[in-house]
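Here is the file entry07.pdb (PDB, C-alpha atoms).
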```pdb
ATOM      1  CA  MET A1190     -13.108  32.333  31.751  1.00  0.00           C
ATOM      2  CA  CYS A1191      -9.454  32.572  32.464  1.00  0.00           C
ATOM      3  CA  ILE A1192      -9.561  29.366  34.495  1.00  0.00           C
ATOM      4  CA  SER A1193     -11.307  27.362  31.774  1.00  0.00           C
ATOM      5  CA  GLY A1194      -8.913  28.788  29.172  1.00  0.00           C
ATOM      6  CA  TYR A1195      -6.054  27.694  31.381  1.00  0.00           C
ATOM      7  CA  ALA A1196      -7.600  24.210  31.667  1.00  0.00           C
ATOM      8  CA  ILE A1197      -7.957  23.947  27.910  1.00  0.00           C
ATOM      9  CA  ARG A1198      -4.403  25.127  27.353  1.00  0.00           C
ATOM     10  CA  SER A1199      -3.006  22.770  29.988  1.00  0.00           C
ATOM     11  CA  HIS A1200      -5.038  19.879  28.542  1.00  0.00           C
ATOM     12  CA  HIS A1201      -3.682  20.761  25.102  1.00  0.00           C
ATOM     13  CA  PHE A1202      -0.164  20.981  26.536  1.00  0.00           C
ATOM     14  CA  PHE A1203      -0.594  17.536  28.162  1.00  0.00           C
ATOM     15  CA  ALA A1204      -1.811  16.014  24.865  1.00  0.00           C
ATOM     16  CA  VAL A1205       1.144  17.497  23.002  1.00  0.00           C
ATOM     17  CA  ALA A1206       3.568  16.290  25.690  1.00  0.00           C
ATOM     18  CA  VAL A1207       2.133  12.746  25.518  1.00  0.00           C
ATOM     19  CA  THR A1208       2.356  12.803  21.733  1.00  0.00           C
ATOM     20  CA  ILE A1209       5.976  13.964  21.853  1.00  0.00           C
ATOM     21  CA  ALA A1210       6.865  11.359  24.494  1.00  0.00           C
ATOM     22  CA  THR A1211       5.194   8.593  22.455  1.00  0.00           C
ATOM     23  CA  PHE A1212       6.984   9.716  19.299  1.00  0.00           C
ATOM     24  CA  THR A1213      10.323   9.891  21.122  1.00  0.00           C
ATOM     25  CA  PHE A1214       9.800   6.387  22.523  1.00  0.00           C
ATOM     26  CA  ALA A1215       8.892   5.025  19.069  1.00  0.00           C
ATOM     27  CA  VAL A1216      11.932   6.657  17.487  1.00  0.00           C
ATOM     28  CA  GLY A1217      14.106   5.287  20.291  1.00  0.00           C
ATOM     29  CA  MET A1218      12.721   1.800  19.760  1.00  0.00           C
ATOM     30  CA  ALA A1219      13.242   2.055  16.017  1.00  0.00           C
ATOM     31  CA  SER A1220      16.799   3.261  16.634  1.00  0.00           C
ATOM     32  CA  ALA A1221      17.444   0.413  19.066  1.00  0.00           C
ATOM     33  CA  ARG A1222      15.988  -2.087  16.602  1.00  0.00           C
ATOM     34  CA  GLY A1223      18.087  -0.542  13.823  1.00  0.00           C
ATOM     35  CA  ALA A1224      21.182  -0.811  15.983  1.00  0.00           C
ATOM     36  CA  ASP A1225      20.403  -4.492  16.628  1.00  0.00           C
ATOM     37  CA  PHE A1226      19.972  -5.121  12.913  1.00  0.00           C
ATOM     38  CA  SER A1227      23.173  -3.226  12.220  1.00  0.00           C
ATOM     39  CA  LYS A1228      25.046  -5.565  14.585  1.00  0.00           C
ATOM     40  CA  CYS A1229      23.465  -8.510  12.793  1.00  0.00           C
ATOM     41  CA  GLY A1230      24.961  -7.413   9.476  1.00  0.00           C
ATOM     42  CA  LYS A1231      28.381  -6.048  10.447  1.00  0.00           C
ATOM     43  CA  GLY A1232      31.534  -7.424  11.960  1.00  0.00           C
ATOM     44  CA  GLU A1233      33.199 -10.799  12.043  1.00  0.00           C
ATOM     45  CA  PRO A1234      31.055 -13.846  11.151  1.00  0.00           C
ATOM     46  CA  ASP A1235      30.948 -15.240  14.709  1.00  0.00           C
ATOM     47  CA  ALA A1236      29.795 -11.872  16.078  1.00  0.00           C
ATOM     48  CA  ARG A1237      27.165 -11.567  13.324  1.00  0.00           C
ATOM     49  CA  ILE A1238      25.884 -15.063  14.078  1.00  0.00           C
ATOM     50  CA  ALA A1239      25.635 -14.269  17.808  1.00  0.00           C
ATOM     51  CA  ASN A1240      23.951 -10.910  17.184  1.00  0.00           C
ATOM     52  CA  CYS A1241      21.467 -12.282  14.647  1.00  0.00           C
ATOM     53  CA  THR A1242      20.647 -15.195  16.955  1.00  0.00           C
ATOM     54  CA  ALA A1243      20.086 -12.807  19.892  1.00  0.00           C
ATOM     55  CA  LEU A1244      17.832 -10.665  17.720  1.00  0.00           C
ATOM     56  CA  ILE A1245      15.765 -13.687  16.634  1.00  0.00           C
ATOM     57  CA  MET A1246      15.546 -15.086  20.170  1.00  0.00           C
ATOM     58  CA  ARG A1247      14.536 -11.734  21.663  1.00  0.00           C
ATOM     59  CA  GLY A1248      11.239 -11.914  19.826  1.00  0.00           C
ATOM     60  CA  GLY A1249       8.805  -9.141  19.066  1.00  0.00           C
ATOM     61  CA  LEU A1250       9.888  -8.965  15.428  1.00  0.00           C
ATOM     62  CA  THR A1251       7.754  -8.965  12.314  1.00  0.00           C
ATOM     63  CA  HIS A1252       8.038 -11.861   9.859  1.00  0.00           C
ATOM     64  CA  LYS A1253      10.050  -9.606   7.537  1.00  0.00           C
ATOM     65  CA  GLU A1254      12.449  -8.738  10.346  1.00  0.00           C
ATOM     66  CA  VAL A1255      12.919 -12.382  11.338  1.00  0.00           C
ATOM     67  CA  ALA A1256      13.514 -13.241   7.671  1.00  0.00           C
ATOM     68  CA  ALA A1257      16.148 -10.485   7.473  1.00  0.00           C
ATOM     69  CA  ALA A1258      17.868 -11.713  10.655  1.00  0.00           C
ATOM     70  CA  LEU A1259      17.877 -15.308   9.373  1.00  0.00           C
ATOM     71  CA  ASP A1260      19.347 -14.119   6.086  1.00  0.00           C
ATOM     72  CA  GLY A1261      21.978 -12.104   7.958  1.00  0.00           C
ATOM     73  CA  ARG A1262      22.935 -15.213   9.883  1.00  0.00           C
ATOM     74  CA  CYS A1263      22.941 -17.244   6.645  1.00  0.00           C
ATOM     75  CA  TRP A1264      25.381 -14.738   5.157  1.00  0.00           C
ATOM     76  CA  ALA A1265      27.594 -15.034   8.247  1.00  0.00           C
ATOM     77  CA  TYR A1266      27.540 -18.836   8.032  1.00  0.00           C
ATOM     78  CA  ASN A1267      28.521 -18.580   4.356  1.00  0.00           C
ATOM     79  CA  SER A1268      31.421 -16.322   5.371  1.00  0.00           C
ATOM     80  CA  LYS A1269      32.583 -18.968   7.863  1.00  0.00           C
ATOM     81  CA  GLY A1270      32.226 -21.798   5.354  1.00  0.00           C
ATOM     82  CA  ASP A1271      29.415 -23.486   7.320  1.00  0.00           C
ATOM     83  CA  TYR A1272      27.229 -24.020   4.261  1.00  0.00           C
ATOM     84  CA  THR A1273      24.884 -26.556   5.860  1.00  0.00           C
ATOM     85  CA  ALA A1274      23.875 -24.044   8.541  1.00  0.00           C
ATOM     86  CA  ALA A1275      23.623 -21.363   5.837  1.00  0.00           C
ATOM     87  CA  LEU A1276      21.225 -23.554   3.834  1.00  0.00           C
ATOM     88  CA  ALA A1277      18.969 -24.007   6.853  1.00  0.00           C
ATOM     89  CA  ASP A1278      18.782 -20.289   7.656  1.00  0.00           C
ATOM     90  CA  CYS A1279      18.328 -19.169   4.054  1.00  0.00           C
ATOM     91  CA  ASN A1280      15.543 -21.703   3.520  1.00  0.00           C
ATOM     92  CA  ARG A1281      13.803 -20.558   6.722  1.00  0.00           C
ATOM     93  CA  SER A1282      14.180 -16.942   5.617  1.00  0.00           C
ATOM     94  CA  ILE A1283      12.607 -17.752   2.240  1.00  0.00           C
ATOM     95  CA  GLU A1284       9.768 -19.673   3.910  1.00  0.00           C
ATOM     96  CA  MET A1285       8.958 -16.554   5.934  1.00  0.00           C
ATOM     97  CA  ARG A1286       9.408 -14.119   3.056  1.00  0.00           C
ATOM     98  CA  ARG A1287       9.281 -15.663  -0.380  1.00  0.00           C
ATOM     99  CA  ASP A1288      10.095 -12.373  -2.108  1.00  0.00           C
ATOM    100  CA  TYR A1289      13.376 -11.785  -0.248  1.00  0.00           C
ATOM    101  CA  GLN A1290      15.999 -11.533  -2.983  1.00  0.00           C
ATOM    102  CA  TYR A1291      18.942 -11.427  -0.560  1.00  0.00           C
ATOM    103  CA  ALA A1292      18.055 -14.836   0.870  1.00  0.00           C
ATOM    104  CA  TYR A1293      17.935 -16.355  -2.636  1.00  0.00           C
ATOM    105  CA  ASN A1294      21.357 -14.910  -3.419  1.00  0.00           C
ATOM    106  CA  ASN A1295      22.841 -16.180  -0.137  1.00  0.00           C
ATOM    107  CA  LEU A1296      21.207 -19.564  -0.690  1.00  0.00           C
ATOM    108  CA  GLY A1297      22.848 -19.623  -4.118  1.00  0.00           C
ATOM    109  CA  VAL A1298      26.250 -18.949  -2.515  1.00  0.00           C
ATOM    110  CA  ALA A1299      25.770 -21.867  -0.109  1.00  0.00           C
ATOM    111  CA  LEU A1300      24.554 -24.202  -2.849  1.00  0.00           C
ATOM    112  CA  GLU A1301      27.411 -23.232  -5.157  1.00  0.00           C
ATOM    113  CA  SER A1302      29.921 -23.858  -2.386  1.00  0.00           C
ATOM    114  CA  LEU A1303      28.428 -27.310  -1.867  1.00  0.00           C
ATOM    115  CA  GLY A1304      28.787 -28.069  -5.584  1.00  0.00           C
ATOM    116  CA  ARG A1305      25.070 -27.878  -6.345  1.00  0.00           C
ATOM    117  CA  LEU A1306      25.666 -25.561  -9.273  1.00  0.00           C
ATOM    118  CA  ASP A1307      22.376 -25.834 -11.174  1.00  0.00           C
ATOM    119  CA  GLU A1308      20.423 -25.087  -7.987  1.00  0.00           C
ATOM    120  CA  ALA A1309      22.744 -22.194  -7.184  1.00  0.00           C
ATOM    121  CA  LEU A1310      22.312 -20.703 -10.653  1.00  0.00           C
ATOM    122  CA  SER A1311      18.542 -21.009 -10.328  1.00  0.00           C
ATOM    123  CA  ASN A1312      18.564 -19.206  -6.972  1.00  0.00           C
ATOM    124  CA  TYR A1313      20.745 -16.403  -8.350  1.00  0.00           C
ATOM    125  CA  ALA A1314      18.236 -16.072 -11.203  1.00  0.00           C
ATOM    126  CA  LEU A1315      15.366 -15.888  -8.712  1.00  0.00           C
ATOM    127  CA  ALA A1316      17.176 -13.129  -6.816  1.00  0.00           C
ATOM    128  CA  ILE A1317      17.637 -11.229 -10.086  1.00  0.00           C
ATOM    129  CA  SER A1318      13.993 -11.729 -11.067  1.00  0.00           C
ATOM    130  CA  LEU A1319      12.980 -10.114  -7.764  1.00  0.00           C
ATOM    131  CA  LYS A1320      15.508  -7.265  -8.030  1.00  0.00           C
ATOM    132  CA  PRO A1321      16.947  -6.901 -11.549  1.00  0.00           C
ATOM    133  CA  ASN A1322      19.625  -4.387 -10.504  1.00  0.00           C
ATOM    134  CA  PHE A1323      20.908  -6.598  -7.651  1.00  0.00           C
ATOM    135  CA  LYS A1324      24.638  -6.285  -8.353  1.00  0.00           C
ATOM    136  CA  SER A1325      25.864  -9.202  -6.246  1.00  0.00           C
ATOM    137  CA  ALA A1326      23.281 -11.639  -7.638  1.00  0.00           C
ATOM    138  CA  ASN A1327      24.034 -10.537 -11.206  1.00  0.00           C
ATOM    139  CA  GLU A1328      27.766 -10.973 -10.629  1.00  0.00           C
ATOM    140  CA  ASN A1329      27.259 -14.375  -9.007  1.00  0.00           C
ATOM    141  CA  TYR A1330      24.974 -15.516 -11.834  1.00  0.00           C
ATOM    142  CA  THR A1331      27.349 -14.373 -14.579  1.00  0.00           C
ATOM    143  CA  ARG A1332      30.427 -15.830 -12.859  1.00  0.00           C
ATOM    144  CA  LEU A1333      28.786 -19.196 -12.192  1.00  0.00           C
ATOM    145  CA  GLN A1334      27.228 -19.402 -15.639  1.00  0.00           C
ATOM    146  CA  THR A1335      30.659 -18.755 -17.190  1.00  0.00           C
ATOM    147  CA  LYS A1336      32.232 -21.365 -14.922  1.00  0.00           C
ATOM    148  CA  MET A1337      29.564 -23.898 -15.834  1.00  0.00           C
ATOM    149  CA  ASN A1338      29.819 -23.113 -19.555  1.00  0.00           C
ATOM    150  CA  ASP A1339      33.590 -23.570 -19.449  1.00  0.00           C
ATOM    151  CA  SER A1340      33.198 -27.013 -17.892  1.00  0.00           C
ATOM    152  CA  ARG A1341      30.436 -28.296 -20.216  1.00  0.00           C
ATOM    153  CA  THR A1342      30.967 -30.245 -23.382  1.00  0.00           C
ATOM    154  CA  PRO A1343      29.861 -28.591 -26.641  1.00  0.00           C
ATOM    155  CA  LYS A1344      26.761 -30.839 -26.759  1.00  0.00           C
ATOM    156  CA  GLU A1345      25.716 -29.802 -23.235  1.00  0.00           C
ATOM    157  CA  GLU A1346      26.282 -26.183 -24.218  1.00  0.00           C
ATOM    158  CA  ASP A1347      23.955 -26.527 -27.227  1.00  0.00           C
ATOM    159  CA  ASN A1348      21.191 -27.839 -24.986  1.00  0.00           C
ATOM    160  CA  ARG A1349      21.354 -24.944 -22.553  1.00  0.00           C
ATOM    161  CA  ASN A1350      19.623 -21.563 -22.966  1.00  0.00           C
ATOM    162  CA  ASN A1351      22.197 -19.017 -21.826  1.00  0.00           C
ATOM    163  CA  ASN A1352      20.722 -15.828 -23.219  1.00  0.00           C
ATOM    164  CA  HIS A1353      19.277 -14.452 -19.994  1.00  0.00           C
ATOM    165  CA  PRO A1354      18.882 -15.490 -16.381  1.00  0.00           C
ATOM    166  CA  GLU A1355      15.795 -17.556 -15.841  1.00  0.00           C
ATOM    167  CA  PRO A1356      15.343 -19.995 -13.031  1.00  0.00           C
ATOM    168  CA  SER A1357      15.151 -23.602 -14.151  1.00  0.00           C
ATOM    169  CA  HIS A1358      11.564 -24.748 -13.723  1.00  0.00           C
ATOM    170  CA  HIS A1359      12.929 -28.090 -12.562  1.00  0.00           C
ATOM    171  CA  SER A1360      15.013 -26.624  -9.763  1.00  0.00           C
ATOM    172  CA  PRO A1361      13.995 -27.279  -6.142  1.00  0.00           C
ATOM    173  CA  ALA A1362      13.417 -23.561  -5.635  1.00  0.00           C
ATOM    174  CA  CYS A1363      10.958 -23.418  -8.541  1.00  0.00           C
ATOM    175  CA  GLN A1364       9.246 -26.624  -7.469  1.00  0.00           C
ATOM    176  CA  LYS A1365       8.795 -25.185  -3.990  1.00  0.00           C
ATOM    177  CA  TYR A1366       7.722 -21.709  -5.201  1.00  0.00           C
ATOM    178  CA  PRO A1367       6.394 -22.160  -8.769  1.00  0.00           C
ATOM    179  CA  ASP A1368       4.762 -18.725  -8.888  1.00  0.00           C
ATOM    180  CA  LEU A1369       8.214 -17.079  -8.741  1.00  0.00           C
ATOM    181  CA  CYS A1370       9.529 -19.025 -11.748  1.00  0.00           C
TER     182      CYS A1370
END
```

So that I can check it, write out the structure of this file as structure tokens.
Amino acid sequence: MCISGYAIRSHHFFAVAVTIATFTFAVGMASARGADFSKCGKGEPDARIANCTALIMRGGLTHKEVAAALDGRCWAYNSKGDYTAALADCNRSIEMRRDYQYAYNNLGVALESLGRLDEALSNYALAISLKPNFKSANENYTRLQTKMNDSRTPKEEDNRNNNHPEPSHHSPACQKYPDLC
């Protein structure tokens, strides 16, 4: 009896040890992945671009994780002033994850910097519609709307609904993703 009890206890001990080892490995992987994502979002733009690119190229990521890495790289390109590269990454991020408010905001920054103000405003509005308390998108929307209102003639101002942020249904973003508008 003692021998079989020992076998049961040792089997139980082995199962617990395997469970703990598996959990430790999973936590380690999550920590490593988190560290990689942290590098993708912190530091100088060139370092962020390199780290996000390495993360994307490494593979083994979910669609949401790839979308986040692309958006991180888009943000870094915006910081460098490379708005064409930012547009490409933000659009790819949105294609992978259409509900990713950060990519819409970063796309708006790139579009605004390229002078495509109506499209930028529409993308800021989409970001806000996905996350109403998104501080950066709200600030960008309000700032750009004010800038655009200051530069419009009174007649243009009368024709524009400025009461609340809504994406223009004629914007490229809304044409591409009409269910979000």

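Once the PyMOL selection byres ((chain A and resi 1278-1288) around 8) is applied to this file, the selection holds His1252, Lys1253, Val1255, Ala1256, Ala1257, Leu1259, Asp1260, Arg1262, Cys1263, Ala1274, Ala1275, Leu1276, Ala1277, Tyr1289, Gln1290, Ala1292, Tyr1293, Asn1295, Leu1296, Leu1319 and Tyr1366 of chain A.
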
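Counting from atom CA of A:Leu1306, the distance to atom CA of A:Asp1235 is 26.6 Å.
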
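One distance worth recording is that between atom CA of A:Pro1321 and atom CA of A:Gly1297, which is 15.9 Å.
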
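Under the PyMOL selection byres ((chain A and resi 1272) around 8), the matching residues in the shown file are A:Tyr1266, A:Asn1267, A:Gly1270, A:Asp1271, A:Thr1273, A:Ala1274, A:Ala1275, A:Leu1276, A:Ala1299, A:Leu1300, A:Ser1302, A:Leu1303.
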
**Item:** Using all atoms listed in the file: which of A:Lys1269, A:Tyr1291, A:Gly1261, A:Leu1250 has the shortest distance to A:Ser1318
**Value:** A:Tyr1291

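Every residue that the PyMOL selection byres ((chain A and resi 1326) around 9) selects in this file is listed here: Gln1290, Tyr1291, Tyr1293, Asn1294, Asn1295, Gly1297, Asn1312, Tyr1313, Ala1314, Ala1316, Ile1317, Lys1320, Pro1321, Asn1322, Phe1323, Lys1324, Ser1325, Asn1327, Glu1328, Asn1329, Tyr1330 and Thr1331 of chain A.
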
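You will find atom CA of A:Trp1264 at 20.0 Å from atom CA of A:Arg1247.
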
Shell around A:Ala1258 at 9 Å using only C-alpha atoms, local window under 6 positions removed, as a CSV table (one decimal) with C-alpha atoms, in the frame of the given file:
```
chain,number,residue,atom,x,y,z
A,1226,PHE,CA,20.0,-5.1,12.9
A,1229,CYS,CA,23.5,-8.5,12.8
A,1230,GLY,CA,25.0,-7.4,9.5
A,1240,ASN,CA,24.0,-10.9,17.2
A,1241,CYS,CA,21.5,-12.3,14.6
A,1242,THR,CA,20.6,-15.2,17.0
A,1244,LEU,CA,17.8,-10.7,17.7
A,1245,ILE,CA,15.8,-13.7,16.6
A,1282,SER,CA,14.2,-16.9,5.6
```
